[in-house]
>>> print(open('entry-v4.pdb').read())   # PDB, C-alpha atoms and all ligand atoms
ATOM      1  CA  MET A   1    -309.320-181.225-147.993
ATOM      2  CA  ALA A   2    -306.331-180.513-150.208
ATOM      3  CA  LEU A   3    -307.287-179.412-153.649
ATOM      4  CA  THR A   4    -305.422-180.487-156.720
ATOM      5  CA  MET A   5    -306.485-179.526-160.185
ATOM      6  CA  THR A   6    -307.366-182.773-161.963
ATOM      7  CA  THR A   7    -306.293-183.284-165.573
ATOM      8  CA  GLU A   8    -310.005-183.460-166.403
ATOM      9  CA  ALA A   9    -310.478-180.021-164.939
ATOM     10  CA  SER A  10    -307.508-178.394-166.590
ATOM     11  CA  LYS A  11    -308.445-180.008-169.921
ATOM     12  CA  ALA A  12    -311.544-177.863-169.952
ATOM     13  CA  ILE A  13    -309.526-174.751-170.679
ATOM     14  CA  GLN A  14    -306.795-176.137-172.886
ATOM     15  CA  HIS A  15    -308.175-176.545-176.378
ATOM     16  CA  ALA A  16    -307.558-172.976-177.457
ATOM     17  CA  ALA A  17    -306.029-172.261-180.833
ATOM     18  CA  THR A  18    -302.240-171.897-180.542
ATOM     19  CA  PHE A  19    -302.242-168.445-182.181
ATOM     20  CA  PRO A  20    -305.885-167.380-181.905
ATOM     21  CA  VAL A  21    -305.219-163.914-183.368
ATOM     22  CA  PHE A  22    -303.979-165.599-186.545
ATOM     23  CA  THR A  23    -306.827-168.104-186.832
ATOM     24  CA  PRO A  24    -309.772-165.754-187.350
ATOM     25  CA  HIS A  25    -313.313-167.096-187.646
ATOM     26  CA  SER A  26    -315.243-163.962-188.557
ATOM     27  CA  ASP A  27    -314.841-160.969-190.854
ATOM     28  CA  TYR A  28    -314.169-158.746-187.819
ATOM     29  CA  ALA A  29    -311.358-160.995-186.658
ATOM     30  CA  ARG A  30    -310.032-161.480-190.206
ATOM     31  CA  SER A  31    -309.438-157.771-190.672
ATOM     32  CA  ILE A  32    -307.500-157.689-187.384
ATOM     33  CA  ALA A  33    -305.534-160.836-188.294
ATOM     34  CA  GLY A  34    -304.625-159.236-191.635
ATOM     35  CA  LEU A  35    -303.429-156.084-189.900
ATOM     36  CA  SER A  36    -301.478-158.058-187.277
ATOM     37  CA  ALA A  37    -299.791-160.167-189.965
ATOM     38  CA  GLY A  38    -298.983-157.070-192.037
ATOM     39  CA  VAL A  39    -297.430-155.266-189.075
ATOM     40  CA  LEU A  40    -295.579-158.400-187.981
ATOM     41  CA  TRP A  41    -294.009-159.039-191.427
ATOM     42  CA  THR A  42    -293.188-155.350-191.969
ATOM     43  CA  THR A  43    -291.459-154.964-188.608
ATOM     44  CA  LEU A  44    -289.716-158.331-189.039
ATOM     45  CA  GLY A  45    -288.409-157.064-192.405
ATOM     46  CA  ILE A  46    -287.130-153.858-190.757
ATOM     47  CA  LEU A  47    -285.501-155.864-187.964
ATOM     48  CA  LEU A  48    -283.718-158.156-190.463
ATOM     49  CA  LEU A  49    -282.619-155.187-192.590
ATOM     50  CA  VAL A  50    -281.198-153.310-189.593
ATOM     51  CA  MET A  51    -279.502-156.420-188.167
ATOM     52  CA  GLY A  52    -278.073-157.185-191.619
ATOM     53  CA  LEU A  53    -276.660-153.674-192.030
ATOM     54  CA  VAL A  54    -275.207-153.717-188.513
ATOM     55  CA  SER A  55    -273.586-157.130-189.099
ATOM     56  CA  TYR A  56    -272.186-155.938-192.443
ATOM     57  CA  ALA A  57    -270.764-152.750-190.872
ATOM     58  CA  VAL A  58    -269.268-154.612-187.910
ATOM     59  CA  HIS A  59    -267.614-157.126-190.218
ATOM     60  CA  LYS A  60    -266.477-154.711-192.944
ATOM     61  CA  PHE A  61    -265.187-151.885-190.756
ATOM     62  CA  ARG A  62    -263.679-153.786-187.858
ATOM     63  CA  GLU A  63    -260.162-152.873-186.738
ATOM     64  CA  LYS A  64    -257.438-154.309-188.983
ATOM     65  CA  PRO A  65    -253.821-154.865-187.894
ATOM     66  CA  GLY A  66    -251.608-151.924-188.812
ATOM     67  CA  ALA A  67    -254.479-149.683-189.940
ATOM     68  CA  SER A  68    -254.521-146.075-188.795
ATOM     69  CA  THR A  69    -257.375-144.724-186.609
ATOM     70  CA  PRO A  70    -260.188-143.591-188.941
ATOM     71  CA  LYS A  71    -261.430-140.007-188.965
ATOM     72  CA  PRO A  72    -264.608-139.631-186.849
ATOM     73  CA  VAL A  73    -267.745-138.811-188.860
ATOM     74  CA  TYR A  74    -270.479-136.728-187.222
ATOM     75  CA  GLY A  75    -273.875-137.233-188.826
ATOM     76  CA  ASN A  76    -274.998-137.526-192.427
ATOM     77  CA  VAL A  77    -277.856-135.185-193.342
ATOM     78  CA  LYS A  78    -279.004-137.166-196.392
ATOM     79  CA  LEU A  79    -279.074-140.424-194.424
ATOM     80  CA  GLU A  80    -280.977-138.823-191.556
ATOM     81  CA  ILE A  81    -283.598-137.346-193.883
ATOM     82  CA  ALA A  82    -283.927-140.686-195.705
ATOM     83  CA  TYR A  83    -284.572-142.754-192.590
ATOM     84  CA  THR A  84    -286.853-140.149-191.008
ATOM     85  CA  LEU A  85    -288.952-140.085-194.182
ATOM     86  CA  SER A  86    -288.991-143.870-194.453
ATOM     87  CA  PHE A  87    -290.392-144.175-190.923
ATOM     88  CA  ILE A  88    -293.046-141.554-191.654
ATOM     89  CA  VAL A  89    -294.081-143.534-194.728
ATOM     90  CA  ILE A  90    -294.075-146.907-192.914
ATOM     91  CA  LEU A  91    -296.056-145.574-189.922
ATOM     92  CA  GLY A  92    -298.424-143.708-192.263
ATOM     93  CA  VAL A  93    -299.198-146.896-194.196
ATOM     94  CA  ILE A  94    -299.703-148.860-190.945
ATOM     95  CA  SER A  95    -302.051-146.112-189.677
ATOM     96  CA  VAL A  96    -304.182-146.287-192.826
ATOM     97  CA  PHE A  97    -304.486-150.072-192.510
ATOM     98  CA  SER A  98    -305.212-149.741-188.754
ATOM     99  CA  ILE A  99    -308.038-147.283-189.360
ATOM    100  CA  ARG A 100    -309.512-149.581-192.000
ATOM    101  CA  ALA A 101    -309.299-152.551-189.598
ATOM    102  CA  MET A 102    -310.943-150.479-186.844
ATOM    103  CA  GLU A 103    -313.798-149.591-189.162
ATOM    104  CA  SER A 104    -314.388-153.142-190.323
ATOM    105  CA  SER A 105    -314.197-154.601-186.819
ATOM    106  CA  ASP A 106    -316.660-152.042-185.429
ATOM    107  CA  PRO A 107    -319.164-151.262-188.154
ATOM    108  CA  PRO A 108    -320.664-147.758-188.261
ATOM    109  CA  THR A 109    -324.253-149.014-188.500
ATOM    110  CA  HIS A 110    -325.603-149.889-185.080
ATOM    111  CA  GLN A 111    -328.705-151.791-184.129
ATOM    112  CA  GLU A 112    -330.256-153.222-180.971
ATOM    113  CA  ASN A 113    -327.800-155.179-178.825
ATOM    114  CA  SER A 114    -328.197-158.916-179.351
ATOM    115  CA  LEU A 115    -326.248-159.552-176.141
ATOM    116  CA  LEU A 116    -325.566-157.653-172.973
ATOM    117  CA  ILE A 117    -322.448-158.680-171.110
ATOM    118  CA  VAL A 118    -321.740-157.505-167.581
ATOM    119  CA  ALA A 119    -318.198-158.042-166.341
ATOM    120  CA  HIS A 120    -317.800-158.834-162.648
ATOM    121  CA  GLN A 121    -314.768-159.636-160.514
ATOM    122  CA  TRP A 122    -314.165-162.389-161.788
ATOM    123  CA  TRP A 123    -316.806-163.762-164.080
ATOM    124  CA  TRP A 124    -319.065-162.758-166.947
ATOM    125  CA  GLU A 125    -322.824-162.290-166.800
ATOM    126  CA  VAL A 126    -324.405-162.812-170.202
ATOM    127  CA  ARG A 127    -327.925-161.546-170.827
ATOM    128  CA  TYR A 128    -330.047-162.104-173.890
ATOM    129  CA  PRO A 129    -332.137-158.937-174.253
ATOM    130  CA  GLY A 130    -335.841-159.529-174.766
ATOM    131  CA  THR A 131    -335.705-162.943-173.031
ATOM    132  CA  ASP A 132    -335.228-164.182-169.461
ATOM    133  CA  ILE A 133    -332.065-166.021-170.438
ATOM    134  CA  VAL A 134    -329.044-165.169-168.336
ATOM    135  CA  THR A 135    -325.922-167.318-168.433
ATOM    136  CA  ALA A 136    -322.454-166.991-167.010
ATOM    137  CA  ASN A 137    -319.080-167.243-168.731
ATOM    138  CA  GLU A 138    -320.524-169.151-171.700
ATOM    139  CA  ILE A 139    -321.991-167.309-174.627
ATOM    140  CA  HIS A 140    -324.077-169.331-177.050
ATOM    141  CA  ILE A 141    -324.524-167.741-180.461
ATOM    142  CA  PRO A 142    -325.825-168.922-183.825
ATOM    143  CA  VAL A 143    -323.156-169.079-186.557
ATOM    144  CA  ASN A 144    -322.943-166.398-189.231
ATOM    145  CA  GLN A 145    -325.012-163.928-187.261
ATOM    146  CA  PRO A 146    -323.071-160.837-186.207
ATOM    147  CA  GLN A 147    -323.573-160.087-182.537
ATOM    148  CA  GLN A 148    -323.724-156.527-181.343
ATOM    149  CA  VAL A 149    -322.761-156.611-177.705
ATOM    150  CA  GLY A 150    -323.359-154.040-174.994
ATOM    151  CA  LEU A 151    -320.554-154.239-172.432
ATOM    152  CA  ARG A 152    -320.984-153.061-168.840
ATOM    153  CA  SER A 153    -318.952-153.446-165.687
ATOM    154  CA  ALA A 154    -320.297-154.192-162.225
ATOM    155  CA  ASP A 155    -317.090-153.033-160.545
ATOM    156  CA  VAL A 156    -313.694-152.241-162.118
ATOM    157  CA  ILE A 157    -312.252-151.974-165.640
ATOM    158  CA  HIS A 158    -312.259-155.265-167.544
ATOM    159  CA  ASP A 159    -311.713-156.063-171.216
ATOM    160  CA  PHE A 160    -313.670-158.451-173.395
ATOM    161  CA  TRP A 161    -311.586-160.390-175.902
ATOM    162  CA  VAL A 162    -312.265-163.525-177.941
ATOM    163  CA  PRO A 163    -309.415-163.196-180.465
ATOM    164  CA  GLU A 164    -310.789-165.627-183.059
ATOM    165  CA  LEU A 165    -314.088-163.772-183.304
ATOM    166  CA  GLY A 166    -313.477-160.043-183.010
ATOM    167  CA  ARG A 167    -311.705-157.115-181.480
ATOM    168  CA  LYS A 168    -310.770-156.345-177.885
ATOM    169  CA  MET A 169    -312.993-153.889-176.085
ATOM    170  CA  ASP A 170    -312.460-152.256-172.707
ATOM    171  CA  ILE A 171    -315.336-152.371-170.240
ATOM    172  CA  ILE A 172    -315.471-149.271-168.118
ATOM    173  CA  PRO A 173    -317.629-148.742-165.011
ATOM    174  CA  GLY A 174    -320.428-146.239-165.569
ATOM    175  CA  ILE A 175    -320.606-146.441-169.362
ATOM    176  CA  GLU A 176    -321.854-149.024-171.805
ATOM    177  CA  ASN A 177    -319.332-149.841-174.496
ATOM    178  CA  ARG A 178    -320.236-151.636-177.672
ATOM    179  CA  SER A 179    -318.499-154.318-179.642
ATOM    180  CA  TRP A 180    -319.166-156.804-182.397
ATOM    181  CA  PHE A 181    -318.258-160.407-182.942
ATOM    182  CA  ALA A 182    -319.391-163.388-184.969
ATOM    183  CA  ALA A 183    -318.344-166.940-185.789
ATOM    184  CA  ASP A 184    -318.548-168.472-189.233
ATOM    185  CA  VAL A 185    -318.085-172.112-188.177
ATOM    186  CA  PRO A 186    -319.697-173.950-185.260
ATOM    187  CA  GLY A 187    -317.293-174.565-182.398
ATOM    188  CA  THR A 188    -316.056-173.413-179.027
ATOM    189  CA  TYR A 189    -313.944-170.287-179.007
ATOM    190  CA  LEU A 190    -311.988-169.270-175.953
ATOM    191  CA  GLY A 191    -311.396-165.761-174.733
ATOM    192  CA  ALA A 192    -310.379-164.008-171.564
ATOM    193  CA  CYS A 193    -310.501-160.767-169.702
ATOM    194  CA  ALA A 194    -307.663-158.739-171.214
ATOM    195  CA  GLU A 195    -307.276-155.962-168.654
ATOM    196  CA  TYR A 196    -305.819-156.637-165.229
ATOM    197  CA  CYS A 197    -308.763-156.441-162.851
ATOM    198  CA  GLY A 198    -307.527-157.939-159.593
ATOM    199  CA  GLN A 199    -306.405-161.182-158.020
ATOM    200  CA  GLU A 200    -308.376-163.605-160.212
ATOM    201  CA  HIS A 201    -308.007-161.696-163.489
ATOM    202  CA  ALA A 202    -306.393-164.786-165.036
ATOM    203  CA  TRP A 203    -309.470-166.872-164.191
ATOM    204  CA  MET A 204    -311.982-164.715-165.946
ATOM    205  CA  ARG A 205    -312.349-166.865-169.033
ATOM    206  CA  ILE A 206    -314.898-166.587-171.792
ATOM    207  CA  ARG A 207    -316.242-169.466-173.824
ATOM    208  CA  VAL A 208    -318.219-168.689-176.963
ATOM    209  CA  ILE A 209    -320.169-171.674-178.227
ATOM    210  CA  ALA A 210    -321.169-171.058-181.832
ATOM    211  CA  GLN A 211    -323.959-173.352-182.977
ATOM    212  CA  THR A 212    -325.969-174.044-186.109
ATOM    213  CA  PRO A 213    -329.233-172.051-186.076
ATOM    214  CA  GLU A 214    -331.155-175.278-185.204
ATOM    215  CA  ASP A 215    -328.862-176.166-182.288
ATOM    216  CA  PHE A 216    -328.947-172.591-181.059
ATOM    217  CA  ALA A 217    -332.768-172.523-181.185
ATOM    218  CA  ARG A 218    -332.847-175.782-179.188
ATOM    219  CA  TRP A 219    -330.448-174.362-176.600
ATOM    220  CA  GLU A 220    -332.546-171.202-176.375
ATOM    221  CA  GLN A 221    -335.727-173.230-175.776
ATOM    222  CA  GLU A 222    -334.005-175.256-173.049
ATOM    223  CA  GLN A 223    -332.757-172.102-171.350
ATOM    224  CA  LEU A 224    -336.218-170.519-171.396
ATOM    225  CA  VAL A 225    -337.666-173.400-169.388
ATOM    226  CA  VAL A 226    -338.202-172.598-165.708
ATOM    227  CA  PRO A 227    -336.844-175.669-163.905
ATOM    228  CA  ALA A 228    -339.193-177.586-161.618
ATOM    229  CA  THR A 229    -338.206-177.559-157.940
ATOM    230  CA  PRO A 230    -337.427-181.138-156.855
ATOM    231  CA  THR A 231    -339.957-182.532-154.380
ATOM    232  CA  ASP A 232    -338.136-185.459-152.840
ATOM    233  CA  GLY A 233    -334.751-186.882-151.916
ATOM    234  CA  ASP A 234    -331.426-185.076-151.571
ATOM    235  CA  ALA A 235    -332.280-182.629-154.352
ATOM    236  CA  ALA A 236    -335.418-181.433-152.515
ATOM    237  CA  ARG A 237    -333.388-180.887-149.331
ATOM    238  CA  GLY A 238    -330.801-179.059-151.427
ATOM    239  CA  ALA A 239    -333.483-176.770-152.864
ATOM    240  CA  GLN A 240    -334.547-175.838-149.327
ATOM    241  CA  ASP A 241    -330.963-175.352-148.160
ATOM    242  CA  PHE A 242    -330.309-173.134-151.151
ATOM    243  CA  GLN A 243    -333.019-170.732-149.985
ATOM    244  CA  GLN A 244    -332.147-170.953-146.287
ATOM    245  CA  LEU A 245    -328.360-170.667-146.484
ATOM    246  CA  SER A 246    -326.986-167.466-147.951
ATOM    247  CA  CYS A 247    -326.961-168.824-151.570
ATOM    248  CA  ALA A 248    -330.209-167.030-152.395
ATOM    249  CA  SER A 249    -328.772-163.695-151.256
ATOM    250  CA  CYS A 250    -326.429-163.600-154.265
ATOM    251  CA  HIS A 251    -327.828-165.866-156.976
ATOM    252  CA  THR A 252    -330.931-166.178-159.116
ATOM    253  CA  ILE A 253    -332.769-169.393-159.881
ATOM    254  CA  ARG A 254    -335.881-168.619-161.909
ATOM    255  CA  GLY A 255    -339.052-170.082-160.458
ATOM    256  CA  THR A 256    -337.735-169.716-156.880
ATOM    257  CA  ALA A 257    -337.406-166.833-154.430
ATOM    258  CA  ALA A 258    -333.688-166.511-155.280
ATOM    259  CA  ASN A 259    -333.510-163.355-157.338
ATOM    260  CA  GLU A 260    -330.145-161.646-156.840
ATOM    261  CA  ARG A 261    -327.514-160.757-159.409
ATOM    262  CA  ILE A 262    -324.368-160.507-157.291
ATOM    263  CA  GLY A 263    -323.257-163.977-158.380
ATOM    264  CA  PRO A 264    -324.048-165.950-161.535
ATOM    265  CA  ASP A 265    -327.618-166.896-162.484
ATOM    266  CA  LEU A 266    -327.893-170.605-161.651
ATOM    267  CA  THR A 267    -331.210-171.363-163.382
ATOM    268  CA  HIS A 268    -329.449-173.758-165.783
ATOM    269  CA  VAL A 269    -326.066-174.088-164.098
ATOM    270  CA  ALA A 270    -325.800-177.823-164.799
ATOM    271  CA  SER A 271    -325.959-177.174-168.544
ATOM    272  CA  ARG A 272    -322.694-175.222-168.514
ATOM    273  CA  GLN A 273    -319.303-176.688-169.387
ATOM    274  CA  THR A 274    -317.291-175.045-166.635
ATOM    275  CA  ILE A 275    -317.758-173.439-163.246
ATOM    276  CA  ALA A 276    -315.947-170.499-161.637
ATOM    277  CA  ALA A 277    -315.358-168.763-165.011
ATOM    278  CA  GLY A 278    -313.445-171.610-166.597
ATOM    279  CA  ARG A 279    -311.512-172.642-163.484
ATOM    280  CA  LEU A 280    -313.069-176.123-163.240
ATOM    281  CA  GLU A 281    -314.871-178.461-165.563
ATOM    282  CA  ASN A 282    -318.515-178.664-164.523
ATOM    283  CA  THR A 283    -318.778-182.098-162.890
ATOM    284  CA  PRO A 284    -320.588-183.022-159.654
ATOM    285  CA  GLY A 285    -317.212-183.624-157.970
ATOM    286  CA  ASN A 286    -315.837-180.242-159.013
ATOM    287  CA  LEU A 287    -319.070-178.521-158.028
ATOM    288  CA  ALA A 288    -318.698-180.049-154.563
ATOM    289  CA  LYS A 289    -315.091-178.829-154.410
ATOM    290  CA  TRP A 290    -316.184-175.349-155.386
ATOM    291  CA  LEU A 291    -318.973-175.220-152.786
ATOM    292  CA  LEU A 292    -316.731-176.647-150.098
ATOM    293  CA  GLU A 293    -313.640-174.501-150.619
ATOM    294  CA  PRO A 294    -314.232-171.676-153.101
ATOM    295  CA  ASP A 295    -311.327-169.752-151.573
ATOM    296  CA  LEU A 296    -308.951-172.606-152.447
ATOM    297  CA  VAL A 297    -310.276-173.091-155.978
ATOM    298  CA  LYS A 298    -310.151-169.373-156.722
ATOM    299  CA  PRO A 299    -308.365-167.391-154.000
ATOM    300  CA  GLY A 300    -309.877-163.953-153.551
ATOM    301  CA  CYS A 301    -313.212-164.841-155.163
ATOM    302  CA  LYS A 302    -316.373-163.394-153.694
ATOM    303  CA  MET A 303    -318.077-166.755-153.259
ATOM    304  CA  PRO A 304    -317.945-167.285-149.486
ATOM    305  CA  ASN A 305    -316.884-170.465-147.754
ATOM    306  CA  LEU A 306    -320.049-171.527-145.919
ATOM    307  CA  HIS A 307    -318.258-174.366-144.079
ATOM    308  CA  LEU A 308    -320.922-176.742-145.312
ATOM    309  CA  PRO A 309    -321.343-180.023-143.461
ATOM    310  CA  ARG A 310    -321.014-183.065-145.737
ATOM    311  CA  GLU A 311    -324.775-183.731-145.822
ATOM    312  CA  GLN A 312    -325.729-180.224-146.892
ATOM    313  CA  LEU A 313    -322.958-180.252-149.476
ATOM    314  CA  ASN A 314    -324.332-183.458-151.003
ATOM    315  CA  SER A 315    -327.887-182.191-151.126
ATOM    316  CA  LEU A 316    -326.878-178.834-152.624
ATOM    317  CA  VAL A 317    -324.888-180.614-155.339
ATOM    318  CA  ALA A 318    -327.830-182.961-155.966
ATOM    319  CA  TYR A 319    -330.125-179.945-156.339
ATOM    320  CA  LEU A 320    -327.800-177.925-158.587
ATOM    321  CA  GLU A 321    -327.293-180.974-160.807
ATOM    322  CA  THR A 322    -331.022-180.982-161.557
ATOM    323  CA  LEU A 323    -330.725-177.500-163.081
ATOM    324  CA  LYS A 324    -329.909-178.721-166.580
TER     325      LYS A 324
HETATM  326 CU1  LIG A 401    -311.579-158.857-165.600
HETATM  327 CU2  LIG A 401    -309.260-158.873-165.920
END
>>> encode(input="entry-v4.pdb", output="structure tokens")
Amino acid sequence: MALTMTTEASKAIQHAATFPVFTPHSDYARSIAGLSAGVLWTTLGILLLVMGLVSYAVHKFREKPGASTPKPVYGNVKLEIAYTLSFIVILGVISVFSIRAMESSDPPTHQENSLLIVAHQWWWEVRYPGTDIVTANEIHIPVNQPQQVGLRSADVIHDFWVPELGRKMDIIPGIENRSWFAADVPGTYLGACAEYCGQEHAWMRIRVIAQTPEDFARWEQEQLVVPATPTDGDAARGAQDFQQLSCASCHTIRGTAANERIGPDLTHVASRQTIAAGRLENTPGNLAKWLLEPDLVKPGCKMPNLHLPREQLNSLVAYLETLK
């Protein structure tokens, strides 16, 4: 079956802010946006000044008919000292502002992590410490509540970055890094892995869904529910297939024997907006595509092609769709 990305599917990843670094939605991101704007305007000013002086010199001192060859000039000590000093001053000022931005985007007072994020090739595992909630690629948070995030890697170096909400932070195997982010208005904020981590690096998208405290509490309650295993129809057959095929060797579905963390936790997979880390919008059709030909949807991904016969495919989709 040839796979073409439907407009519906691609739409799922397209409503990012045009210049997310310059549209901050938290104090952490605002300090970085301020620094970025300051550096941008300063360097733009220097560029215009230098280009202006070069244009002036080229125009003013160009060769004129009948003029004699000018005497070569080697160096100008005063000029050299002046521009060396001016760069020291400019870089010094930028350093001071950078250090201040680093401090405000990573506060010195640390508390318990409110989130633990584990980066995998090529998706994000999101755990809510103190609860059984584990999601993938979508991070629900309440607005105006700073999140302290522990960042771990399951394999190689990745980098967590949601530009509207906070700073970039590398994720390095073997150590737990820490970062902070927050959102001051409800909405969906897009981010991505920002460190090349292999073939599907570009499809390692993050979606932060910032909600009002009431909506977040409702979401949390829904996620805590252990879904009932369907007892009849396609969905019941799908639940059995899930355990008997190799699905259960990589995934977790709470309330069943599937208890592995190699792939995403699927306990509430149907409640997510996308599948395959933002690659496809989460619809029954796209889920079927993903199960049927994961290697075509996301070449190089670790989800194996099980060569599912049509009937098993339908029942697996029917089952997974019950996991709201
Ligand atoms: Cu993970 Cu790039």
>>> resolve_selection(input="entry-v4.pdb", expression="the PyMOL selection byres (((chain A and resi 190-193) around 10) and not hetatm)", output="ChimeraX atom specification")
/A:13-17,20,119,122-124,137-138,157-165,168-171,187-189,194-197,201-209,277-278
>>> resolve_selection(input="entry-v4.pdb", expression="the PyMOL selection byres (((chain A and resi 270) around 10) and not hetatm)", output="PDB file with C-alpha atoms, in the coordinates of the input")
ATOM      1  CA  LEU A 266    -327.893-170.605-161.651  1.00  0.00           C
ATOM      2  CA  THR A 267    -331.210-171.363-163.382  1.00  0.00           C
ATOM      3  CA  HIS A 268    -329.449-173.758-165.783  1.00  0.00           C
ATOM      4  CA  VAL A 269    -326.066-174.088-164.098  1.00  0.00           C
ATOM      5  CA  SER A 271    -325.959-177.174-168.544  1.00  0.00           C
ATOM      6  CA  ARG A 272    -322.694-175.222-168.514  1.00  0.00           C
ATOM      7  CA  GLN A 273    -319.303-176.688-169.387  1.00  0.00           C
ATOM      8  CA  THR A 274    -317.291-175.045-166.635  1.00  0.00           C
ATOM      9  CA  ILE A 275    -317.758-173.439-163.246  1.00  0.00           C
ATOM     10  CA  ASN A 282    -318.515-178.664-164.523  1.00  0.00           C
ATOM     11  CA  THR A 283    -318.778-182.098-162.890  1.00  0.00           C
ATOM     12  CA  PRO A 284    -320.588-183.022-159.654  1.00  0.00           C
ATOM     13  CA  LEU A 287    -319.070-178.521-158.028  1.00  0.00           C
ATOM     14  CA  VAL A 317    -324.888-180.614-155.339  1.00  0.00           C
ATOM     15  CA  TYR A 319    -330.125-179.945-156.339  1.00  0.00           C
ATOM     16  CA  LEU A 320    -327.800-177.925-158.587  1.00  0.00           C
ATOM     17  CA  GLU A 321    -327.293-180.974-160.807  1.00  0.00           C
ATOM     18  CA  THR A 322    -331.022-180.982-161.557  1.00  0.00           C
ATOM     19  CA  LEU A 323    -330.725-177.500-163.081  1.00  0.00           C
ATOM     20  CA  LYS A 324    -329.909-178.721-166.580  1.00  0.00           C
TER      21      LYS A 324
END
>>> closest_residue(input="entry-v4.pdb", among="A:Ile262, A:His251, A:Thr109, A:Phe242", to="Leu306 of chain A", atoms="all atoms listed in the file")
A:Phe242
>>> resolve_selection(input="entry-v4.pdb", expression="the PyMOL selection byres (((chain A and resi 80-96) around 12) and not hetatm)", output="PyMOL selection string")
chain A and resi 34-43+45-46+50+74-79+97-103
>>> axis_aligned_box(input="entry-v4.pdb", around="segment 251-266 of chain A", padding_each_side="8 Å", output="lines of an AutoDock Vina configuration file")
center_x = -331.2
center_y = -165.6
center_z = -158.5
size_x = 31.8
size_y = 26.1
size_z = 24.1
>>> atom_distance(input="entry-v4.pdb", atom1="atom CA of Pro213 of chain A", atom2="atom CA of Val143 of chain A")
6.8 Å
>>> atom_distance(input="entry-v4.pdb", atom1="atom CA of Pro299 of chain A", atom2="atom CA of Glu260 of chain A")
22.7 Å
